[in-house]
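Take a look at the structure below.
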Amino acid sequence: MRAAEAFEHETKLPGKRNGALGSIGLDVLRCLLRLRGRKDGRLDPTYKWIADKIRKSRSAVVEAVARLKGCGFPDWIGRCVPIEDALPDEQQSEQISNAFILLQPPTVRECVRRMLRKPNEFVPAVAEKLARQKKLDTATVVDVIAEVENPELRAILARVRAFVDSANPPSGHTEAR
């Protein structure tokens with residue numbers, strides 16, 4: 001649902017009320033997601049039932065489902081049952097509720113993947129960088145020079161520090177920062 005809401009936000013043009021799905025489309029999708037059978041995946045409400053559930057008109061639900069289908073969210077299979085004792089020149093079958101299928105359109109697949117992924121090596125790297133920055137904020141010059149791994153660079157930095165300290169003696173400070 002969050003991916004659909006993000007898709008709606010991304011497709012909303014400035015000055016327009018709704019994006020590609022519309023607010024009623026989001027309500028319909030939310031209703032379908034909540035209604036979906038957990039064990040068997042069955043999803044076959046009527047448009048009227050959905051309209052009553054979200055408190056909108058049947059025609060608004062039909063239009064919203066069409067917009068949702070156009071964006072690749074649901075699809076459906078129209079179902080019919082035979083009419084018992086129908087005469088040869090009468091209607092032989094009657095349409096019943098559609099069987100809905102909830103899909104994950106390509107436009108939303110990447111968004112869902114980002115939401116569900118586990119923290120990777122990027123998260124610890126950022127945490128390490130923040131810890132290093134915090135350590136640098138409170139470190140003295142001696143501490144920073146001691147952290148340098150390259151011995152040649154460490155020696156150069158120590159000579160530069162000694163030169164700066166001799167040129168600018170600290171006034172009232174016991175250690176230069």
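In the structure tokens, the first chain shown is A, the next is B, and so on; residue numbers restart at 1 for each chain, and ligands run from 1 in the order shown.
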Might you pull out every residue within 10 Å of region 72-75 of chain A, with only C-alpha atoms counted and same-chain residues fewer than 6 positions away left off, and present them as a compact mmCIF listing (two decimals) with N, CA and C atoms, in the first residue's frame?
```txt
# COMPACT_ATOMS: atom_id res chain seq x y z
N ALA A 4 1.98 1.99 -3.44
CA ALA A 4 0.91 2.61 -4.24
C ALA A 4 0.75 4.08 -3.88
N LEU A 21 -3.66 7.26 -9.71
CA LEU A 21 -4.62 6.36 -9.07
C LEU A 21 -5.82 7.11 -8.48
N LEU A 29 -7.99 0.09 -3.54
CA LEU A 29 -6.85 -0.82 -3.41
C LEU A 29 -6.66 -1.24 -1.95
N LEU A 32 -9.26 -3.82 -1.17
CA LEU A 32 -8.94 -5.11 -1.78
C LEU A 32 -7.81 -5.81 -1.04
N VAL A 65 -11.30 1.35 -10.26
CA VAL A 65 -10.75 0.04 -10.61
C VAL A 65 -10.14 0.09 -12.01
N ALA A 66 -10.78 0.82 -12.92
CA ALA A 66 -10.24 0.95 -14.27
C ALA A 66 -8.89 1.70 -14.24
N ASN A 98 -16.54 -10.39 -10.23
CA ASN A 98 -15.23 -10.65 -10.85
C ASN A 98 -14.29 -11.30 -9.84
N ALA A 99 -13.37 -12.08 -10.32
CA ALA A 99 -12.29 -12.61 -9.48
C ALA A 99 -11.09 -11.71 -9.70
N PHE A 100 -10.74 -10.94 -8.67
CA PHE A 100 -9.63 -10.00 -8.78
C PHE A 100 -8.30 -10.68 -8.52
N ILE A 101 -7.28 -10.18 -9.18
CA ILE A 101 -5.91 -10.64 -9.01
C ILE A 101 -5.09 -9.39 -8.71
N LEU A 102 -4.42 -9.36 -7.57
CA LEU A 102 -3.59 -8.21 -7.23
C LEU A 102 -2.18 -8.44 -7.76
N LEU A 103 -1.71 -7.46 -8.52
CA LEU A 103 -0.39 -7.55 -9.16
C LEU A 103 0.54 -6.49 -8.59
N GLN A 104 1.81 -6.67 -8.87
CA GLN A 104 2.81 -5.69 -8.50
C GLN A 104 3.38 -5.12 -9.80
N PRO A 105 2.90 -3.93 -10.20
CA PRO A 105 3.38 -3.38 -11.47
C PRO A 105 4.87 -3.04 -11.41
N PRO A 106 5.53 -3.03 -12.57
CA PRO A 106 6.97 -2.73 -12.60
C PRO A 106 7.31 -1.38 -12.00
N THR A 107 6.41 -0.41 -12.12
CA THR A 107 6.69 0.93 -11.59
C THR A 107 6.78 0.91 -10.07
N VAL A 108 6.16 -0.06 -9.43
CA VAL A 108 6.12 -0.13 -7.98
C VAL A 108 7.09 -1.18 -7.45
```
Quick one: everything within 10 Å of region 92-97 of chain A, counting only C-alpha atoms, minus sequence neighbours fewer than 5 positions away in the same chain. Send it as a list of chain:residue names. A:Leu43, A:Asp44, A:Pro45, A:Thr46, A:Tyr47, A:Lys48, A:Trp49, A:Trp76, A:Ile77, A:Gly78, A:Arg79, A:Cys80, A:Val81, A:Pro82, A:Ile83, A:Glu84, A:Asp85, A:Ala86, A:Leu87
DSSP says strand (DSSP E) for which residues of chain A? Put them as a ChimeraX atom specification? /A:74-82,93-102
Store the residues picked out above in a file with all heavy atoms, as a compact mmCIF listing (two decimals), in the first residue's frame.
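part.txt was written with the following content:
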```txt
# COMPACT_ATOMS: atom_id res chain seq x y z
N PRO A 74 -4.44 -4.08 -10.20
CA PRO A 74 -5.22 -5.32 -10.21
C PRO A 74 -5.53 -5.75 -11.64
O PRO A 74 -5.37 -4.98 -12.59
CB PRO A 74 -6.52 -4.92 -9.51
CG PRO A 74 -6.73 -3.52 -9.96
CD PRO A 74 -5.34 -2.92 -10.11
N ASP A 75 -5.93 -6.96 -11.76
CA ASP A 75 -6.54 -7.46 -12.99
C ASP A 75 -7.70 -8.31 -12.51
O ASP A 75 -7.84 -8.56 -11.31
CB ASP A 75 -5.55 -8.27 -13.82
CG ASP A 75 -5.98 -8.37 -15.29
OD1 ASP A 75 -7.07 -7.85 -15.63
OD2 ASP A 75 -5.23 -8.97 -16.06
N TRP A 76 -8.54 -8.73 -13.39
CA TRP A 76 -9.66 -9.54 -12.96
C TRP A 76 -10.11 -10.46 -14.06
O TRP A 76 -9.79 -10.26 -15.22
CB TRP A 76 -10.83 -8.70 -12.46
CG TRP A 76 -11.38 -7.77 -13.47
CD1 TRP A 76 -12.32 -8.03 -14.43
CD2 TRP A 76 -11.03 -6.40 -13.65
NE1 TRP A 76 -12.56 -6.91 -15.18
CE2 TRP A 76 -11.78 -5.90 -14.71
CE3 TRP A 76 -10.16 -5.55 -12.99
CZ2 TRP A 76 -11.70 -4.59 -15.14
CZ3 TRP A 76 -10.07 -4.24 -13.41
CH2 TRP A 76 -10.83 -3.77 -14.48
N ILE A 77 -10.84 -11.45 -13.65
CA ILE A 77 -11.44 -12.41 -14.58
C ILE A 77 -12.94 -12.29 -14.39
O ILE A 77 -13.45 -12.45 -13.27
CB ILE A 77 -10.98 -13.85 -14.26
CG1 ILE A 77 -9.47 -13.95 -14.40
CG2 ILE A 77 -11.69 -14.84 -15.16
CD1 ILE A 77 -8.91 -15.25 -13.84
N GLY A 78 -13.64 -11.96 -15.48
CA GLY A 78 -15.10 -11.92 -15.42
C GLY A 78 -15.65 -13.34 -15.31
O GLY A 78 -15.18 -14.25 -15.99
N ARG A 79 -16.61 -13.54 -14.43
CA ARG A 79 -17.13 -14.89 -14.22
C ARG A 79 -18.63 -14.91 -14.50
O ARG A 79 -19.34 -13.94 -14.21
CB ARG A 79 -16.86 -15.36 -12.80
CG ARG A 79 -15.39 -15.36 -12.48
CD ARG A 79 -15.09 -15.85 -11.09
NE ARG A 79 -15.84 -15.14 -10.09
CZ ARG A 79 -16.05 -15.59 -8.85
NH1 ARG A 79 -15.57 -16.75 -8.48
NH2 ARG A 79 -16.73 -14.88 -7.98
N CYS A 80 -19.08 -16.03 -15.03
CA CYS A 80 -20.50 -16.21 -15.32
C CYS A 80 -20.95 -17.58 -14.81
O CYS A 80 -20.13 -18.51 -14.72
CB CYS A 80 -20.77 -16.14 -16.83
SG CYS A 80 -20.41 -14.53 -17.55
N VAL A 81 -22.21 -17.67 -14.50
CA VAL A 81 -22.81 -18.96 -14.13
C VAL A 81 -23.99 -19.21 -15.05
O VAL A 81 -24.68 -18.27 -15.48
CB VAL A 81 -23.27 -18.98 -12.66
CG1 VAL A 81 -22.10 -18.88 -11.72
CG2 VAL A 81 -24.27 -17.88 -12.36
N PRO A 82 -24.26 -20.47 -15.40
CA PRO A 82 -25.41 -20.75 -16.25
C PRO A 82 -26.72 -20.50 -15.50
O PRO A 82 -26.81 -20.70 -14.30
CB PRO A 82 -25.25 -22.23 -16.61
CG PRO A 82 -24.30 -22.78 -15.62
CD PRO A 82 -23.50 -21.66 -15.08
N SER A 93 -26.60 -17.34 -19.52
CA SER A 93 -25.69 -17.21 -18.39
C SER A 93 -25.84 -15.84 -17.75
O SER A 93 -26.35 -14.90 -18.36
CB SER A 93 -24.24 -17.43 -18.83
OG SER A 93 -23.85 -16.43 -19.73
N GLU A 94 -25.38 -15.76 -16.51
CA GLU A 94 -25.50 -14.53 -15.75
C GLU A 94 -24.13 -14.20 -15.16
O GLU A 94 -23.44 -15.08 -14.64
CB GLU A 94 -26.52 -14.76 -14.64
CG GLU A 94 -26.65 -13.66 -13.65
CD GLU A 94 -27.65 -14.01 -12.54
OE1 GLU A 94 -27.68 -15.17 -12.10
OE2 GLU A 94 -28.36 -13.11 -12.14
N GLN A 95 -23.74 -12.94 -15.26
CA GLN A 95 -22.44 -12.55 -14.71
C GLN A 95 -22.52 -12.46 -13.20
O GLN A 95 -23.49 -11.93 -12.65
CB GLN A 95 -21.97 -11.22 -15.28
CG GLN A 95 -20.59 -10.85 -14.78
CD GLN A 95 -20.05 -9.58 -15.40
OE1 GLN A 95 -20.71 -8.96 -16.22
NE2 GLN A 95 -18.87 -9.18 -14.97
N ILE A 96 -21.50 -12.99 -12.54
CA ILE A 96 -21.38 -12.84 -11.09
C ILE A 96 -20.15 -11.98 -10.83
O ILE A 96 -19.54 -11.45 -11.76
CB ILE A 96 -21.28 -14.21 -10.38
CG1 ILE A 96 -20.07 -15.00 -10.89
CG2 ILE A 96 -22.56 -15.00 -10.58
CD1 ILE A 96 -19.79 -16.26 -10.11
N SER A 97 -19.76 -11.84 -9.58
CA SER A 97 -18.65 -10.94 -9.24
C SER A 97 -17.36 -11.37 -9.94
O SER A 97 -17.14 -12.55 -10.21
CB SER A 97 -18.43 -10.93 -7.73
OG SER A 97 -18.06 -12.20 -7.28
N ASN A 98 -16.54 -10.39 -10.23
CA ASN A 98 -15.23 -10.65 -10.85
C ASN A 98 -14.29 -11.30 -9.84
O ASN A 98 -14.40 -11.06 -8.64
CB ASN A 98 -14.60 -9.34 -11.33
CG ASN A 98 -15.38 -8.71 -12.45
OD1 ASN A 98 -15.95 -9.40 -13.28
ND2 ASN A 98 -15.40 -7.39 -12.47
N ALA A 99 -13.37 -12.08 -10.32
CA ALA A 99 -12.29 -12.61 -9.48
C ALA A 99 -11.09 -11.71 -9.70
O ALA A 99 -10.50 -11.69 -10.78
CB ALA A 99 -11.98 -14.05 -9.87
N PHE A 100 -10.74 -10.94 -8.67
CA PHE A 100 -9.63 -10.00 -8.78
C PHE A 100 -8.30 -10.68 -8.52
O PHE A 100 -8.20 -11.62 -7.73
CB PHE A 100 -9.81 -8.85 -7.78
CG PHE A 100 -10.88 -7.88 -8.16
CD1 PHE A 100 -12.18 -8.04 -7.72
CD2 PHE A 100 -10.59 -6.80 -8.97
CE1 PHE A 100 -13.17 -7.15 -8.06
CE2 PHE A 100 -11.56 -5.90 -9.33
CZ PHE A 100 -12.86 -6.08 -8.88
N ILE A 101 -7.28 -10.18 -9.18
CA ILE A 101 -5.91 -10.64 -9.01
C ILE A 101 -5.09 -9.39 -8.71
O ILE A 101 -5.08 -8.45 -9.50
CB ILE A 101 -5.38 -11.31 -10.29
CG1 ILE A 101 -6.29 -12.45 -10.71
CG2 ILE A 101 -3.95 -11.78 -10.09
CD1 ILE A 101 -6.11 -12.84 -12.16
N LEU A 102 -4.42 -9.36 -7.57
CA LEU A 102 -3.59 -8.21 -7.23
C LEU A 102 -2.18 -8.44 -7.76
O LEU A 102 -1.57 -9.47 -7.52
CB LEU A 102 -3.56 -8.00 -5.72
CG LEU A 102 -4.90 -7.58 -5.12
CD1 LEU A 102 -4.79 -7.46 -3.61
CD2 LEU A 102 -5.39 -6.28 -5.71
```
Please measure the separation of CA of Cys111 (chain A) and CA of Glu10 (chain A), giving the value in Å to one decimal.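 For CA of Cys111 (chain A) relative to CA of Glu10 (chain A), the distance reads 11.6 Å.
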Excluding same-chain residues fewer than 4 positions from Val62 (chain A), what lies within 10 Å of it counting only C-alpha atoms, as a PyMOL selection string? chain A and resi 25+28+47-48+50-51+57-58+66-68
Would you mind exporting the chosen residues as an mmCIF file, in the first residue's frame, restricted to N, CA and C atoms?
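Final output, saved to result.cif:
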```cif
data_model
loop_
_atom_site.group_PDB
_atom_site.id
_atom_site.type_symbol
_atom_site.label_atom_id
_atom_site.label_comp_id
_atom_site.auth_asym_id
_atom_site.auth_seq_id
_atom_site.Cartn_x
_atom_site.Cartn_y
_atom_site.Cartn_z
ATOM 1 N N GLY A 25 -9.162 5.521 -5.870
ATOM 2 C CA GLY A 25 -8.388 4.362 -6.287
ATOM 3 C C GLY A 25 -7.571 3.790 -5.136
ATOM 4 N N VAL A 28 -9.953 1.990 -2.838
ATOM 5 C CA VAL A 28 -10.346 0.687 -3.402
ATOM 6 C C VAL A 28 -9.211 -0.316 -3.232
ATOM 7 N N TYR A 47 -18.648 -4.793 -7.147
ATOM 8 C CA TYR A 47 -18.403 -3.352 -7.117
ATOM 9 C C TYR A 47 -19.286 -2.684 -6.063
ATOM 10 N N LYS A 48 -20.512 -3.136 -5.953
ATOM 11 C CA LYS A 48 -21.428 -2.554 -4.969
ATOM 12 C C LYS A 48 -20.915 -2.787 -3.558
ATOM 13 N N ILE A 50 -17.803 -3.198 -2.580
ATOM 14 C CA ILE A 50 -16.652 -2.308 -2.367
ATOM 15 C C ILE A 50 -17.134 -0.881 -2.128
ATOM 16 N N ALA A 51 -18.099 -0.440 -2.944
ATOM 17 C CA ALA A 51 -18.631 0.918 -2.815
ATOM 18 C C ALA A 51 -19.250 1.131 -1.435
ATOM 19 N N SER A 57 -19.742 5.905 -4.424
ATOM 20 C CA SER A 57 -20.734 5.388 -5.381
ATOM 21 C C SER A 57 -20.141 4.233 -6.180
ATOM 22 N N ARG A 58 -21.020 3.398 -6.709
ATOM 23 C CA ARG A 58 -20.585 2.258 -7.504
ATOM 24 C C ARG A 58 -19.827 2.722 -8.742
ATOM 25 N N ALA A 66 -10.780 0.817 -12.918
ATOM 26 C CA ALA A 66 -10.235 0.954 -14.271
ATOM 27 C C ALA A 66 -8.895 1.703 -14.236
ATOM 28 N N ARG A 67 -8.803 2.767 -13.406
ATOM 29 C CA ARG A 67 -7.528 3.493 -13.276
ATOM 30 C C ARG A 67 -6.459 2.595 -12.667
ATOM 31 N N LEU A 68 -6.836 1.829 -11.650
ATOM 32 C CA LEU A 68 -5.892 0.906 -11.021
ATOM 33 C C LEU A 68 -5.383 -0.114 -12.030
#
```
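Between CA of Val112 (chain A) and CA of Met1 (chain A) lies a distance of 9.4 Å.
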Which of region 7-133 of chain A counts as alpha helix (DSSP H) under DSSP, as a ChimeraX atom specification please? /A:7-11,22-35,47-54,58-70,106-116,122-133
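Here the question is which of A:Arg132, A:Lys16, A:Arg55, A:Arg161 gets nearest to Ile145 (chain A) using only C-alpha atoms, and that residue is A:Arg161.
Interatomic distance, CA of Arg34 (chain A) to CA of Lys12 (chain A): 24.9 Å.
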